[in-house]
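Participant: Contents are compact mmCIF, C-alpha atoms and all ligand atoms; file name run_13.txt:
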```txt
# COMPACT_ATOMS: atom_id res chain seq x y z
CA MET A 1344 62.60 17.04 -39.31
CA LEU A 1345 64.41 20.31 -38.52
CA ARG A 1346 64.66 21.43 -34.92
CA VAL A 1347 66.31 24.77 -34.10
CA SER A 1348 66.89 25.48 -30.39
CA HIS A 1349 68.13 28.70 -28.81
CA LEU A 1350 69.91 29.71 -32.01
CA THR A 1351 72.04 32.83 -31.61
CA LYS A 1352 74.42 34.48 -34.09
CA LYS A 1353 76.45 37.58 -33.33
CA PHE A 1354 78.47 39.56 -35.87
CA GLY A 1355 80.65 41.60 -33.53
CA GLU A 1356 78.25 43.75 -31.53
CA LEU A 1357 75.29 42.95 -33.77
CA VAL A 1358 72.99 40.14 -32.64
CA ALA A 1359 71.62 38.96 -36.01
CA VAL A 1360 69.77 35.93 -34.57
CA ASN A 1361 68.70 36.09 -30.94
CA ASP A 1362 67.80 32.93 -28.97
CA LEU A 1363 65.48 31.67 -31.70
CA SER A 1364 63.72 28.28 -31.45
CA PHE A 1365 61.38 26.64 -33.97
CA HIS A 1366 60.80 23.29 -35.61
CA VAL A 1367 59.64 22.21 -39.04
CA ALA A 1368 57.72 18.96 -39.45
CA GLU A 1369 58.28 16.61 -42.40
CA GLY A 1370 56.03 17.47 -45.35
CA GLN A 1371 55.31 21.00 -44.13
CA ILE A 1372 55.66 24.31 -45.94
CA TYR A 1373 56.93 26.58 -43.16
CA GLY A 1374 57.09 30.36 -43.61
CA ILE A 1375 59.50 32.94 -42.17
CA ALA A 1376 58.90 36.68 -42.49
CA GLY A 1377 60.10 39.88 -40.87
CA PRO A 1378 61.40 43.36 -41.76
CA ASN A 1379 64.60 43.85 -43.76
CA GLY A 1380 67.64 43.02 -41.68
CA ALA A 1381 65.60 40.88 -39.26
CA GLY A 1382 68.02 37.97 -39.65
CA LYS A 1383 66.06 35.75 -42.05
CA SER A 1384 68.83 34.98 -44.55
CA THR A 1385 71.27 34.53 -41.66
CA ILE A 1386 69.09 31.67 -40.36
CA TYR A 1387 69.60 29.91 -43.73
CA ASN A 1388 73.34 30.63 -43.60
CA LEU A 1389 73.46 28.93 -40.19
CA ILE A 1390 71.36 25.92 -41.25
CA THR A 1391 73.56 25.40 -44.33
CA GLY A 1392 76.86 25.62 -42.45
CA TYR A 1393 78.23 28.97 -43.66
CA HIS A 1394 78.75 30.38 -40.16
CA ASP A 1395 79.29 28.91 -36.71
CA PHE A 1396 76.57 29.66 -34.15
CA GLU A 1397 75.42 29.27 -30.55
CA GLY A 1398 72.50 26.94 -29.83
CA GLU A 1399 71.53 23.73 -31.59
CA ILE A 1400 70.24 22.71 -35.01
CA LEU A 1401 69.09 19.11 -35.41
CA PHE A 1402 68.23 17.69 -38.83
CA ASP A 1403 66.48 14.30 -38.57
CA GLY A 1404 68.01 14.12 -35.09
CA THR A 1405 71.58 14.80 -36.31
CA PRO A 1406 73.32 17.91 -34.89
CA ILE A 1407 74.73 19.90 -37.81
CA ALA A 1408 76.91 22.30 -35.77
CA GLY A 1409 80.45 22.36 -37.16
CA MET A 1410 79.57 20.36 -40.30
CA ALA A 1411 80.91 21.60 -43.64
CA PRO A 1412 78.33 22.99 -46.10
CA HIS A 1413 78.79 20.07 -48.56
CA LYS A 1414 78.19 17.53 -45.77
CA ILE A 1415 74.99 19.33 -44.79
CA ALA A 1416 73.90 19.28 -48.45
CA GLN A 1417 74.52 15.52 -48.52
CA LEU A 1418 72.23 15.10 -45.50
CA GLY A 1419 69.43 16.51 -47.67
CA ILE A 1420 69.33 20.26 -47.03
CA SER A 1421 69.38 22.52 -50.10
CA ARG A 1422 68.74 26.23 -50.59
CA THR A 1423 68.16 28.96 -53.13
CA PHE A 1424 69.27 32.60 -52.96
CA GLN A 1425 67.40 35.90 -53.09
CA VAL A 1426 69.10 36.89 -56.35
CA PRO A 1427 69.52 33.94 -58.74
CA GLU A 1428 73.16 33.38 -59.53
CA THR A 1429 73.84 31.52 -62.75
CA PHE A 1430 77.03 29.77 -63.78
CA PRO A 1431 78.66 31.65 -66.66
CA SER A 1432 78.91 29.67 -69.93
CA LEU A 1433 76.71 26.79 -68.76
CA THR A 1434 73.36 25.92 -70.34
CA ALA A 1435 70.20 25.58 -68.27
CA ALA A 1436 70.54 21.76 -68.32
CA GLN A 1437 74.24 21.87 -67.39
CA SER A 1438 73.51 24.30 -64.53
CA ILE A 1439 70.88 21.96 -63.11
CA GLY A 1440 73.32 19.07 -63.55
CA VAL A 1441 75.86 20.83 -61.31
CA GLY A 1442 73.44 20.26 -58.42
CA CYS A 1443 73.84 16.46 -58.79
CA HIS A 1444 77.45 16.69 -57.54
CA PHE A 1445 76.30 18.23 -54.25
CA GLY A 1446 73.77 15.51 -53.50
CA ASP A 1447 74.17 12.28 -51.61
CA SER A 1448 75.50 10.24 -54.58
CA GLU A 1449 77.72 13.13 -55.85
CA ALA A 1450 77.45 11.67 -59.36
CA TYR A 1451 75.98 13.31 -62.45
CA ASP A 1452 72.55 11.84 -63.11
CA GLN A 1453 71.18 12.53 -66.60
CA ALA A 1454 67.81 10.95 -65.80
CA ARG A 1455 67.41 13.21 -62.78
CA VAL A 1456 68.29 16.29 -64.85
CA ASP A 1457 65.75 15.32 -67.54
CA GLU A 1458 63.11 14.69 -64.90
CA ILE A 1459 63.70 18.12 -63.32
CA ILE A 1460 63.65 19.90 -66.70
CA ALA A 1461 60.29 18.31 -67.47
CA PHE A 1462 59.00 19.10 -63.97
CA LEU A 1463 60.01 22.78 -64.34
CA ASP A 1464 58.66 22.97 -67.91
CA LEU A 1465 62.11 24.08 -69.13
CA ALA A 1466 62.43 21.77 -72.17
CA GLN A 1467 62.50 24.71 -74.60
CA ASP A 1468 65.29 26.41 -72.64
CA ARG A 1469 67.44 23.40 -71.76
CA ASP A 1470 70.25 24.27 -74.20
CA CYS A 1471 70.08 28.05 -73.69
CA MET A 1472 72.80 29.77 -71.68
CA ALA A 1473 71.43 30.07 -68.14
CA ASP A 1474 72.51 33.70 -67.79
CA GLU A 1475 70.56 34.64 -70.94
CA LEU A 1476 67.23 33.42 -69.54
CA ASN A 1477 64.68 35.85 -68.12
CA LEU A 1478 64.31 36.22 -64.34
CA LEU A 1479 61.73 33.42 -64.04
CA GLY A 1480 63.91 31.12 -66.16
CA LYS A 1481 66.97 31.87 -64.00
CA LYS A 1482 64.94 31.23 -60.86
CA LYS A 1483 63.73 27.91 -62.22
CA VAL A 1484 67.31 26.88 -63.08
CA MET A 1485 68.44 27.78 -59.54
CA ILE A 1486 65.54 25.79 -58.05
CA GLY A 1487 66.35 22.95 -60.48
CA ALA A 1488 69.98 22.83 -59.34
CA ALA A 1489 68.76 22.68 -55.73
CA LEU A 1490 66.35 19.85 -56.61
CA ALA A 1491 69.13 17.94 -58.40
CA THR A 1492 70.71 17.32 -54.98
CA ARG A 1493 67.54 15.32 -54.09
CA PRO A 1494 66.88 17.42 -50.98
CA LYS A 1495 64.62 16.35 -48.13
CA ILE A 1496 64.19 20.01 -47.21
CA LEU A 1497 64.44 23.02 -49.53
CA LEU A 1498 65.11 26.51 -48.13
CA LEU A 1499 63.76 29.25 -50.42
CA ASP A 1500 64.99 32.81 -49.79
CA GLU A 1501 62.45 35.36 -51.09
CA PRO A 1502 61.65 33.39 -54.25
CA MET A 1503 59.11 36.02 -55.42
CA ALA A 1504 61.54 38.99 -55.26
CA GLY A 1505 61.38 41.09 -58.44
CA SER A 1506 58.61 38.97 -60.02
CA ASN A 1507 55.36 40.22 -61.54
CA ALA A 1508 51.91 38.91 -60.57
CA HIS A 1509 51.92 36.28 -63.33
CA GLU A 1510 55.39 34.98 -62.39
CA ILE A 1511 54.37 34.90 -58.71
CA ARG A 1512 51.42 32.65 -59.66
CA ASP A 1513 53.75 30.32 -61.60
CA LEU A 1514 56.27 30.15 -58.76
CA MET A 1515 53.57 29.48 -56.17
CA GLU A 1516 52.23 26.56 -58.24
CA LEU A 1517 55.77 25.26 -58.65
CA ILE A 1518 56.47 25.44 -54.91
CA LYS A 1519 53.22 23.56 -54.15
CA ARG A 1520 54.16 20.86 -56.67
CA ILE A 1521 57.69 20.49 -55.25
CA ASN A 1522 56.09 19.95 -51.85
CA GLN A 1523 53.23 17.67 -52.90
CA GLU A 1524 54.54 15.78 -55.92
CA MET A 1525 58.22 15.51 -54.98
CA GLY A 1526 57.51 15.20 -51.25
CA VAL A 1527 60.04 17.90 -50.32
CA THR A 1528 59.63 19.77 -47.01
CA ILE A 1529 59.99 23.52 -47.61
CA ILE A 1530 60.92 26.62 -45.64
CA ILE A 1531 60.09 29.85 -47.44
CA ILE A 1532 61.27 33.34 -46.50
CA GLU A 1533 58.91 35.79 -48.18
CA HIS A 1534 57.69 39.38 -47.94
CA PHE A 1535 54.35 38.83 -49.70
CA MET A 1536 51.86 37.90 -46.98
CA LYS A 1537 49.36 36.57 -49.53
CA VAL A 1538 51.97 34.08 -50.72
CA LEU A 1539 52.67 33.00 -47.13
CA THR A 1540 49.02 32.62 -46.15
CA GLU A 1541 48.29 30.59 -49.29
CA LEU A 1542 51.36 28.34 -49.20
CA THR A 1543 52.36 27.77 -45.59
CA GLN A 1544 50.89 25.74 -42.75
CA LYS A 1545 52.88 27.60 -40.11
CA LEU A 1546 54.40 31.07 -40.09
CA LEU A 1547 57.20 32.53 -37.96
CA ILE A 1548 57.63 36.31 -37.71
CA ILE A 1549 60.98 37.62 -36.48
CA ASP A 1550 62.33 41.09 -35.80
CA ALA A 1551 65.91 41.92 -34.76
CA GLY A 1552 66.67 38.19 -34.81
CA ALA A 1553 64.00 37.27 -32.26
CA ARG A 1554 60.56 35.67 -32.47
CA ILE A 1555 57.58 38.05 -32.58
CA ALA A 1556 54.92 35.42 -33.29
CA GLU A 1557 54.49 31.91 -34.65
CA GLY A 1558 51.51 29.79 -35.63
CA ASP A 1559 48.61 29.64 -38.07
CA PRO A 1560 49.47 32.17 -40.84
CA GLU A 1561 46.03 33.83 -40.91
CA GLU A 1562 46.15 34.36 -37.15
CA VAL A 1563 49.80 35.44 -37.08
CA ILE A 1564 49.30 38.25 -39.63
CA ARG A 1565 46.51 39.71 -37.47
CA ASP A 1566 48.66 39.64 -34.31
CA PRO A 1567 49.05 43.25 -33.02
CA HIS A 1568 52.77 42.66 -32.30
CA VAL A 1569 53.29 41.61 -35.91
CA ILE A 1570 51.39 44.61 -37.31
CA GLU A 1571 53.45 46.89 -35.06
CA CYS A 1572 56.77 45.43 -36.19
CA TYR A 1573 55.84 46.07 -39.85
CA LEU A 1574 54.66 49.67 -39.30
CA GLY A 1575 58.24 50.95 -39.17
CA GLU A 1576 59.06 49.46 -42.61
P1 LIG B 1601 67.24 39.63 -43.67
O1 LIG B 1601 67.52 38.46 -44.57
O2 LIG B 1601 66.16 39.36 -42.66
O3 LIG B 1601 66.96 40.90 -44.44
P2 LIG B 1601 70.00 39.23 -42.83
O4 LIG B 1601 69.92 37.90 -42.19
O5 LIG B 1601 70.58 39.29 -44.20
O6 LIG B 1601 68.56 39.93 -42.80
O7 LIG B 1601 70.86 40.19 -41.91
C1 LIG B 1601 70.58 40.35 -40.53
C2 LIG B 1601 71.58 41.32 -39.95
O8 LIG B 1601 72.86 40.69 -39.89
C3 LIG B 1601 71.76 42.59 -40.77
O9 LIG B 1601 71.97 43.67 -39.89
C4 LIG B 1601 73.00 42.30 -41.59
O10 LIG B 1601 73.68 43.47 -41.91
C5 LIG B 1601 73.81 41.43 -40.62
N1 LIG B 1601 74.68 40.45 -41.31
C6 LIG B 1601 74.29 39.43 -42.09
N2 LIG B 1601 75.33 38.70 -42.52
C7 LIG B 1601 76.44 39.29 -42.01
C8 LIG B 1601 77.85 39.02 -42.09
N3 LIG B 1601 78.32 37.97 -42.78
N4 LIG B 1601 78.67 39.84 -41.40
C9 LIG B 1601 78.21 40.89 -40.68
N5 LIG B 1601 76.90 41.20 -40.57
C10 LIG B 1601 76.02 40.43 -41.21
MG MG B 1602 67.50 38.26 -46.64
```
Translate this file's structure into structure tokens.
Facilitator:
Amino acid sequence: MLRVSHLTKKFGELVAVNDLSFHVAEGQIYGIAGPNGAGKSTIYNLITGYHDFEGEILFDGTPIAGMAPHKIAQLGISRTFQVPETFPSLTAAQSIGVGCHFGDSEAYDQARVDEIIAFLDLAQDRDCMADELNLLGKKKVMIGAALATRPKILLLDEPMAGSNAHEIRDLMELIKRINQEMGVTIIIIEHFMKVLTELTQKLLIIDAGARIAEGDPEEVIRDPHVIECYLGE
């Protein structure tokens, strides 16, 4: 579904992503991990069209190089951010509704919004201001807005950041349901190895923009190169 080949991104002298290749199969939950500054979020910025790059990214066989972010969203690629950003003065339901305009049809779809609110168990919060919700509520609204675009693939950037053990459980269940019940392929960047080993079928570890290891998550986390690259953290 997503095929990344020899992806390289330089910011001046800094090589943020260095000749990186990987592919994500339809239906998979694919994990990406690595130390801070390894280039993880930059990979998402490249896939979603926020920077130009060297190399190739194919989505369902279509090269996305040079495409505008809204065109890439219309193809079926959607993302969330490390820190949930809410729209000021919009309710939870309205915030999710904004996502509809970035999807393929570009039209507001009340039925889709209602469906997502039920799916996220947000009925009690639907008319609350999004920026007054707690962290889990804000995260759900951000995920809901991403789902409103009807994505084929959802890119999650450290969805567990700042969450307690109970919230992490909830989010893990939610991510599994998005994958299994909605049929959305998922890439997840995450620091918590237990989350990655439980959720993902394949795990990529990067450091300084380059691949350290990739494969079965349980095997990858025992790889001596991976252990070494985390020791400096
Ligand atoms: P991670 O998400 O793995 O923590 P990032 O992808 O955010 O890492 O950043 C990788 C490196 O690229 C860091 O050194 C960061 O400072 C740098 N970087 C990221 N985005 C930009 C940018 N827009 N301009 C300049 N440097 C950037
Ligand atoms: Mg990051």
Participant: Let me have all residues with an atom within 9 Å of ligand MG 1602 (chain B), counting only C-alpha atoms and all ligand atoms, laid out as a PDB file with C-alpha atoms, in the coordinates of the input.
Facilitator:
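Saved to selection-v4.pdb:
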```pdb
ATOM      1  CA  ASN A1379      64.600  43.850 -43.760  1.00  0.00           C
ATOM      2  CA  GLY A1380      67.640  43.020 -41.680  1.00  0.00           C
ATOM      3  CA  ALA A1381      65.600  40.880 -39.260  1.00  0.00           C
ATOM      4  CA  GLY A1382      68.020  37.970 -39.650  1.00  0.00           C
ATOM      5  CA  LYS A1383      66.060  35.750 -42.050  1.00  0.00           C
ATOM      6  CA  SER A1384      68.830  34.980 -44.550  1.00  0.00           C
ATOM      7  CA  THR A1385      71.270  34.530 -41.660  1.00  0.00           C
ATOM      8  CA  PHE A1424      69.270  32.600 -52.960  1.00  0.00           C
ATOM      9  CA  GLN A1425      67.400  35.900 -53.090  1.00  0.00           C
ATOM     10  CA  ASP A1500      64.990  32.810 -49.790  1.00  0.00           C
ATOM     11  CA  GLU A1501      62.450  35.360 -51.090  1.00  0.00           C
ATOM     12  CA  ILE A1532      61.270  33.340 -46.500  1.00  0.00           C
TER      13      ILE A1532
END
```
Participant: Nearest to A:Thr1434: which of A:Gln1467, A:Ser1506, A:Asn1361, A:Thr1528 is it, counting all atoms listed in the file?
Facilitator: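 Checking each candidate against A:Thr1434, we get A:Gln1467 as the closest.
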Participant: Pick from A:Arg1469, A:Arg1346, A:His1444, A:His1394: nearest to ligand LIG 1601 (chain B), with all atoms listed in the file counted?
Facilitator: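 Checking each candidate against ligand LIG 1601 (chain B), we get A:His1394 as the closest.
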Participant: Let me make sure I understand: among A:Leu1478, A:Leu1547, A:Ala1416, A:Ala1553, which one has the smallest atom-to-atom distance to A:Met1503 if we use all atoms listed in the file?
Facilitator: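 Of A:Leu1478, A:Leu1547, A:Ala1416, A:Ala1553, the one nearest A:Met1503, counting all atoms listed in the file, is A:Leu1478.
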Participant: Kindly provide, as a PDB file with C-alpha atoms, keeping the file's coordinate frame, the polymer residues lying within 8 Å of (70.6, 29.5, -68.0), counting all atoms listed in the file and using the coordinates exactly as they appear in the file.
Facilitator:
```
ATOM      1  CA  THR A1429      73.840  31.520 -62.750  1.00  0.00           C
ATOM      2  CA  PHE A1430      77.030  29.770 -63.780  1.00  0.00           C
ATOM      3  CA  LEU A1433      76.710  26.790 -68.760  1.00  0.00           C
ATOM      4  CA  THR A1434      73.360  25.920 -70.340  1.00  0.00           C
ATOM      5  CA  ALA A1435      70.200  25.580 -68.270  1.00  0.00           C
ATOM      6  CA  ALA A1436      70.540  21.760 -68.320  1.00  0.00           C
ATOM      7  CA  SER A1438      73.510  24.300 -64.530  1.00  0.00           C
ATOM      8  CA  ASP A1468      65.290  26.410 -72.640  1.00  0.00           C
ATOM      9  CA  ARG A1469      67.440  23.400 -71.760  1.00  0.00           C
ATOM     10  CA  CYS A1471      70.080  28.050 -73.690  1.00  0.00           C
ATOM     11  CA  MET A1472      72.800  29.770 -71.680  1.00  0.00           C
ATOM     12  CA  ALA A1473      71.430  30.070 -68.140  1.00  0.00           C
ATOM     13  CA  ASP A1474      72.510  33.700 -67.790  1.00  0.00           C
ATOM     14  CA  GLU A1475      70.560  34.640 -70.940  1.00  0.00           C
ATOM     15  CA  LEU A1476      67.230  33.420 -69.540  1.00  0.00           C
ATOM     16  CA  GLY A1480      63.910  31.120 -66.160  1.00  0.00           C
ATOM     17  CA  LYS A1481      66.970  31.870 -64.000  1.00  0.00           C
ATOM     18  CA  VAL A1484      67.310  26.880 -63.080  1.00  0.00           C
TER      19      VAL A1484
END
```
Participant: Would you please work out which residue, of A:Leu1401, A:Ile1496, A:Ile1531, A:Ala1450, is nearest to ligand LIG 1601 (chain B) when using all atoms listed in the file?
Facilitator: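 Counting all atoms listed in the file, the residue closest to ligand LIG 1601 (chain B) is A:Ile1531.
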Participant: Please determine, counting only C-alpha atoms, which residue among A:Leu1389, A:Val1426, A:Val1527, A:Ala1376 has the shortest atom-to-atom distance to A:Lys1352.
Facilitator: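 Of the candidates, the smallest distance to A:Lys1352 is held by A:Leu1389.
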Participant: State, in Å with one decimal place, the distance from atom CA of A:Arg1554 to atom CA of A:Ile1415.
Facilitator: 25.0 Å
Participant: Quick one: pull the distance between atom CA of A:Pro1412 and atom CA of A:Gly1392, Å, one decimal.
Facilitator: 4.7 Å
Participant: Taking into account all atoms listed in the file, which residue in the set A:Asp1395, A:Glu1510, A:Glu1571, A:Asp1447 is nearest to ligand LIG 1601 (chain B)?
Facilitator: A:Asp1395
Participant: Could you work out an axis-aligned box for ligand LIG 1601 (chain B), taking every atom the file lists and adding 4 Å on each side, and report centre and edge lengths in Å to one decimal, as AutoDock Vina command-line options?
Facilitator:
```
--center_x 72.4 --center_y 40.8 --center_z -42.2 --size_x 20.5 --size_y 13.8 --size_z 12.7
```
